[in-house]
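Undergrad: Supplied in structure tokens, the structure appears directly below.
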Amino acid sequence: MQPTALAGIIDQAIELAATDYDLKKTYDFRNIAITCDYVPEMLDIPVVAVEIEQVLLNLLKNAAQAMSSNPPDCLPRITLRLRRDNRCGD
């Protein structure tokens, strides 16, 4: 585990998801509006970055697949928020 900025991991997962191609053509990730809301004072935390990135990539792909059945006039949107919770471990 290495101290890592979570915002960077999230951004990398979004970039990977944007290049993902669904063979069933049920969604095109480029047509999904992504909003990122990060607090600026986030500290680096000890994680295995590639494992967290894989979890985020799976969540993004699952969200995209779930929204693929939305009506055509409904813009798919994913919002990612990064917050600090000082009560962690309470």
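FYI, nothing fancy with the structure tokens labels: chains A, B, ... in order, residues from 1 per chain, ligands from 1 as they appear.
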Please provide as a list in words all residues within 12 Å of A:Glu51, with the sequence filter that same-chain residues fewer than 3 positions apart are discarded (counting only C-alpha atoms).

TA: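 Everything that qualifies: Met1, Gln2, Leu6, Ile9, Ile10, Ala13, Pro46, Val47, Val48, Gln54, Val55, Leu56, Leu57 and Asn58 of chain A.
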
Undergrad: With only C-alpha atoms as the counted atoms, please give the residues lying no more than 12 Å from stretch 70-77 of chain A, apart from itself and same-chain residues fewer than 6 positions off, as a list in words.

TA: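 Here the answer would be Thr26, Tyr27, Asp28, Phe29, Arg30, Asn31, Ile32, Ala33, Ile34, Thr35, Cys36, Leu60, Ala63 and Ala64 of chain A.
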
Undergrad: How many Å separate atom CA of A:Glu15 from atom CA of A:Arg84?

TA: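 These two atoms are separated by 23.5 Å.
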
Undergrad: Residues at most 9 Å from A:Tyr38, counting only C-alpha atoms, excluding those fewer than 2 positions away in the same chain, as a list in words?

TA: Ala7, Cys36, Pro40, Glu41, Met42, Leu80, Arg81, Leu82 and Arg83 of chain A

Undergrad: Distance atom CA of A:Ala49-atom CA of A:Thr4, one decimal place?

TA: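 Between atom CA of A:Ala49 and atom CA of A:Thr4 the gap is 7.0 Å.
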
Undergrad: From a DSSP pass on the backbone, collect the residues of chain A flagged as strand (DSSP E or B) and hand them back as a list in words.

TA: Gln2, Pro3, Thr4, Ala33, Ile34, Thr35, Cys36, Asp37, Tyr38, Ile45, Pro46, Val47, Arg77, Ile78, Thr79, Leu80, Arg81 and Leu82 of chain A

Undergrad: Do you have the atom CA of A:Leu59-atom CA of A:Ala18 distance handy?

TA: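 Atom CA of A:Leu59 sits 13.1 Å away from atom CA of A:Ala18.
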
Undergrad: Which one of A:Asp11, A:Val39, A:Glu53, A:Thr19 sits closest to A:Asp85 if you count only C-alpha atoms?

TA: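 Using only C-alpha atoms, the shortest distance to A:Asp85 belongs to A:Val39.
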
Undergrad: I need the residue nearest A:Asp37 from this list: A:Thr79, A:Asn62, A:Ser68, A:Gln12. Use only C-alpha atoms for the distance.

TA: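 So, comparing all the options, the nearest one is A:Thr79.
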
Undergrad: Taking only C-alpha atoms into account, which of A:Ile14, A:Ile45, A:Asp20, A:Ile52 comes nearest A:Ile78?

TA: A:Ile14

Undergrad: From the DSSP assignment of the backbone, select every residue of chain A that is helix (DSSP H, G or I), and format the answer as a ChimeraX atom specification.

TA: /A:6-18,29-31,49-67
